[in-house]
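Q: Input: one structure, supplied below.
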Amino acid sequence: IVNRVLVKRMKVMDAIKDVSPAMMLDFFKTTLATNFLKFPFFEAINAFCACLPISSSIRGLITGCVFTTATLPVTNYRYRKSMQLEVNWGNIYEAYWPTLIRDIVYGIARNYMTAWALMMNSAWKAQDPMVLFFVVIMGCLISAPFNEWRGFLLQSKGQELTFKEFFKPANFVRSTGLGAFKQGLALGVGYWCAPPAKAFVMGLIASIRGH
């Protein structure tokens, strides 16, 4: 749905109607596997860079470069599967430059937004779900122009909208708002679920060893 809003510039309800439950279930298998790879990988790179004596800008630059270069094939595979398009070696690095710049800007913005949020309330931690929800949404909003550029380049050949049609303000607001909220909610909920999930798994392991 999000990809249809981004690339085809469809309205949200039209994008929902354009996919069937069977299509969503089939794509869920793809997105589950790819998201379990992508999200933890970005967080791991960012956490590693946070241990280095470098500025937030350099940390975001390194994180964006490594993350995009390593995972763009996965990102494009997921995108093309969601749009029911052919996947081949010629398109796995499609729209590399706008994606690279988007992820660098996102990483830098997120680092600065995290620092600002923690300054606002000393009781918060960078891993708190509410902090992540806020900083991820802000990072997505700040890097949105480059995500829109990526979407423009990913249009199917022969079905391209003109620059003027694609970048209408209403399309930009709808695509950016939906994408940012989806990303912030996903990471916020993920970090909220992590402690009880970890406690459950550790308890299960202890129980098994006890027997």
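Chain labels A, B, ... are given in the sequence in which chains occur in the structure tokens; within each chain residues are numbered consecutively from 1, and ligands are likewise numbered from 1 in the order shown.
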Do you know which residues are at most 10 Å from Thr69 of chain A counting only C-alpha atoms, after dropping those on the same chain fewer than 5 positions away, and could you put them as an MDAnalysis selection string?
A: chainID A and resid 64 93 96:97 99:100
Q: I need the chosen residues saved as a short mmCIF file (atom, residue, chain, number, x, y, z; two decimals), in the first residue's frame, with N, CA, C and O atoms.
A:
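Saved result, again19.cif, follows:
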```
data_model
loop_
_atom_site.label_atom_id
_atom_site.label_comp_id
_atom_site.auth_asym_id
_atom_site.auth_seq_id
_atom_site.Cartn_x
_atom_site.Cartn_y
_atom_site.Cartn_z
N GLY A 64 24.51 5.50 6.96
CA GLY A 64 23.76 5.54 5.71
C GLY A 64 24.49 4.84 4.57
O GLY A 64 23.89 4.07 3.81
N TYR A 93 20.04 -2.73 -7.78
CA TYR A 93 20.64 -1.48 -7.28
C TYR A 93 19.99 -0.25 -7.93
O TYR A 93 20.60 0.81 -7.98
N TYR A 96 20.00 3.93 -6.72
CA TYR A 96 20.99 3.86 -5.64
C TYR A 96 21.27 5.22 -5.02
O TYR A 96 21.26 5.37 -3.79
N TRP A 97 21.52 6.25 -5.86
CA TRP A 97 21.96 7.54 -5.32
C TRP A 97 20.90 8.24 -4.47
O TRP A 97 21.22 8.71 -3.37
N THR A 99 18.54 6.83 -2.84
CA THR A 99 18.38 6.01 -1.64
C THR A 99 19.55 6.23 -0.68
O THR A 99 19.36 6.33 0.53
N LEU A 100 20.76 6.31 -1.23
CA LEU A 100 21.95 6.55 -0.41
C LEU A 100 21.84 7.90 0.31
O LEU A 100 22.05 7.98 1.53
#
```
Q: Excluding Asn3 of chain A and residues on its chain fewer than 4 positions from it, collect all residues at most 9 Å away from it, counting only C-alpha atoms, and give them as a list in words.
A: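 Within the cut-off, the hits are Val7, Lys8, Arg9, Ala15, Tyr79, Ser82, Met83, Gly151, Ser175 and Gly179 of chain A.
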Q: Considering only C-alpha atoms, can you say which of A:Leu153, A:Met138, A:Ile101, A:Val5 comes closest to Trp116 of chain A?
A: A:Met138
Q: Hey, what's within 12 Å of Thr31 of chain A if we count only C-alpha atoms and toss same-chain stuff fewer than 2 positions away? As number ranges by chain, please?
A: A: 24-29, 33-39, 74-82
Q: Deliver the residues from the most recent selection as a file, using C-alpha atoms, as an mmCIF file, in the first residue's frame.
A:
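Final file, again-v5.cif:
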```cif
data_model
loop_
_atom_site.group_PDB
_atom_site.id
_atom_site.type_symbol
_atom_site.label_atom_id
_atom_site.label_comp_id
_atom_site.auth_asym_id
_atom_site.auth_seq_id
_atom_site.Cartn_x
_atom_site.Cartn_y
_atom_site.Cartn_z
ATOM 1 C CA MET A 24 -1.028 -8.967 1.184
ATOM 2 C CA LEU A 25 -0.544 -12.426 2.686
ATOM 3 C CA ASP A 26 1.898 -13.399 -0.039
ATOM 4 C CA PHE A 27 3.884 -10.173 0.381
ATOM 5 C CA PHE A 28 3.831 -10.528 4.182
ATOM 6 C CA LYS A 29 6.178 -13.508 3.831
ATOM 7 C CA ALA A 33 12.011 -11.792 6.286
ATOM 8 C CA THR A 34 13.456 -8.586 4.810
ATOM 9 C CA ASN A 35 12.455 -6.387 7.753
ATOM 10 C CA PHE A 36 14.025 -8.810 10.234
ATOM 11 C CA LEU A 37 17.226 -8.282 8.269
ATOM 12 C CA LYS A 38 17.064 -4.534 7.532
ATOM 13 C CA PHE A 39 15.831 -2.941 10.765
ATOM 14 C CA VAL A 74 16.896 -6.413 -0.304
ATOM 15 C CA THR A 75 14.997 -3.113 -0.368
ATOM 16 C CA ASN A 76 14.472 -3.240 -4.121
ATOM 17 C CA TYR A 77 13.572 -6.930 -4.032
ATOM 18 C CA ARG A 78 10.880 -6.152 -1.464
ATOM 19 C CA TYR A 79 9.646 -3.162 -3.448
ATOM 20 C CA ARG A 80 9.399 -5.060 -6.732
ATOM 21 C CA LYS A 81 7.662 -7.979 -5.063
ATOM 22 C CA SER A 82 5.107 -5.605 -3.507
#
```
Q: Name all residues at most 9 Å from Asp103 of chain A (count only C-alpha atoms; drop same-chain ones fewer than 2 positions away) and give them as a list in words.
A: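 The residues that qualify are Gly60, Leu61, Thr63, Gly64, Cys65, Phe67, Thr68, Pro98, Thr99, Leu100, Ile101, Val105, Tyr106, Gly107, Ile108, Ser143, Phe146 and Asn147 of chain A.
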Q: My list of candidates is A:Thr114, A:Asn88, A:Thr162, A:Thr30. Which is closest to Gln127 of chain A when distances are computed with only C-alpha atoms?
A: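 With only C-alpha atoms as the atom set, the closest residue is A:Thr114.
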Q: Mind checking which residues fall within 9 Å of Phe172 of chain A, counting only C-alpha atoms, ignoring those fewer than 5 positions away in the same chain, and posting them as number ranges by chain?
A: A: 6, 9, 144-145, 148, 166-167, 177
Q: Keeping only all heavy atoms, write the selected residues to a file as a compact mmCIF listing (two decimals), in the first residue's frame.
A:
```txt
# COMPACT_ATOMS: atom_id res chain seq x y z
N LEU A 6 3.54 5.86 -2.77
CA LEU A 6 4.79 6.55 -3.08
C LEU A 6 5.05 6.63 -4.58
O LEU A 6 5.35 7.70 -5.11
CB LEU A 6 5.97 5.83 -2.40
CG LEU A 6 7.37 6.29 -2.82
CD1 LEU A 6 7.61 7.74 -2.42
CD2 LEU A 6 8.44 5.38 -2.23
N ARG A 9 1.46 7.17 -6.83
CA ARG A 9 0.79 8.38 -6.34
C ARG A 9 -0.71 8.16 -6.16
O ARG A 9 -1.53 9.04 -6.40
CB ARG A 9 1.04 9.57 -7.29
CG ARG A 9 2.47 9.80 -7.63
CD ARG A 9 3.37 9.76 -6.43
NE ARG A 9 3.78 11.06 -5.93
CZ ARG A 9 4.56 11.23 -4.88
NH1 ARG A 9 4.99 10.18 -4.20
NH2 ARG A 9 4.87 12.43 -4.46
N ALA A 144 12.60 13.11 3.54
CA ALA A 144 11.51 12.81 2.60
C ALA A 144 11.77 13.25 1.16
O ALA A 144 11.42 12.52 0.23
CB ALA A 144 10.21 13.42 3.11
N PRO A 145 12.36 14.42 0.90
CA PRO A 145 12.58 14.81 -0.51
C PRO A 145 13.38 13.78 -1.30
O PRO A 145 13.10 13.55 -2.49
CB PRO A 145 13.35 16.13 -0.39
CG PRO A 145 12.90 16.70 0.92
CD PRO A 145 12.75 15.50 1.83
N GLU A 148 11.18 10.80 -2.08
CA GLU A 148 10.31 11.11 -3.20
C GLU A 148 11.08 11.01 -4.53
O GLU A 148 10.55 10.53 -5.54
CB GLU A 148 9.74 12.52 -3.04
CG GLU A 148 8.83 12.68 -1.84
CD GLU A 148 7.54 11.91 -2.01
OE1 GLU A 148 6.74 12.25 -2.89
OE2 GLU A 148 7.31 10.95 -1.24
N PHE A 166 4.00 14.17 -10.67
CA PHE A 166 4.49 13.33 -9.57
C PHE A 166 4.68 14.13 -8.29
O PHE A 166 4.33 13.67 -7.21
CB PHE A 166 5.82 12.68 -9.97
CG PHE A 166 6.27 11.60 -9.01
CD1 PHE A 166 5.92 10.28 -9.22
CD2 PHE A 166 7.06 11.91 -7.91
CE1 PHE A 166 6.34 9.29 -8.35
CE2 PHE A 166 7.48 10.93 -7.03
CZ PHE A 166 7.11 9.61 -7.25
N PHE A 167 5.22 15.34 -8.42
CA PHE A 167 5.58 16.11 -7.24
C PHE A 167 4.53 17.14 -6.83
O PHE A 167 4.86 18.19 -6.29
CB PHE A 167 6.94 16.79 -7.46
CG PHE A 167 8.09 15.82 -7.46
CD1 PHE A 167 8.66 15.41 -8.66
CD2 PHE A 167 8.59 15.30 -6.28
CE1 PHE A 167 9.72 14.51 -8.67
CE2 PHE A 167 9.64 14.39 -6.28
CZ PHE A 167 10.21 14.00 -7.48
N GLY A 177 3.72 11.49 4.84
CA GLY A 177 3.04 11.27 6.12
C GLY A 177 2.81 9.80 6.40
O GLY A 177 3.07 9.32 7.51
```
Q: Restricting the calculation to only C-alpha atoms, which member of A:Asn111, A:Ser207, A:Ser156, A:Asn121 is positioned closest to Glu43 of chain A?
A: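 Checking each of A:Asn111, A:Ser207, A:Ser156, A:Asn121 against Glu43 of chain A, counting only C-alpha atoms, the winner is A:Asn111.
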Q: Rounded to one decimal place, report the atom CA of Gly188 of chain A-atom CA of Leu132 of chain A distance in Å.
A: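 Separation between atom CA of Gly188 of chain A and atom CA of Leu132 of chain A: 5.5 Å.
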Q: Counting only C-alpha atoms, which residue out of A:Ala194, A:Val12, A:Leu72, A:Ser57 sits closest to Ala115 of chain A?
A: A:Ser57
Q: Let me make sure I understand: among A:Leu178, A:Ala47, A:Met202, A:Leu187, which one has the smallest atom-to-atom distance to Val136 of chain A if we use only C-alpha atoms?
A: A:Leu187
Q: Quick check for you: according to DSSP on this backbone, which residues of segment 39-175 of chain A are classed as alpha helix (DSSP H)? Reply as a PyMOL selection string.
A: chain A and resi 39-50+56-82+96-120+129-142+144-153+163-166+169-175
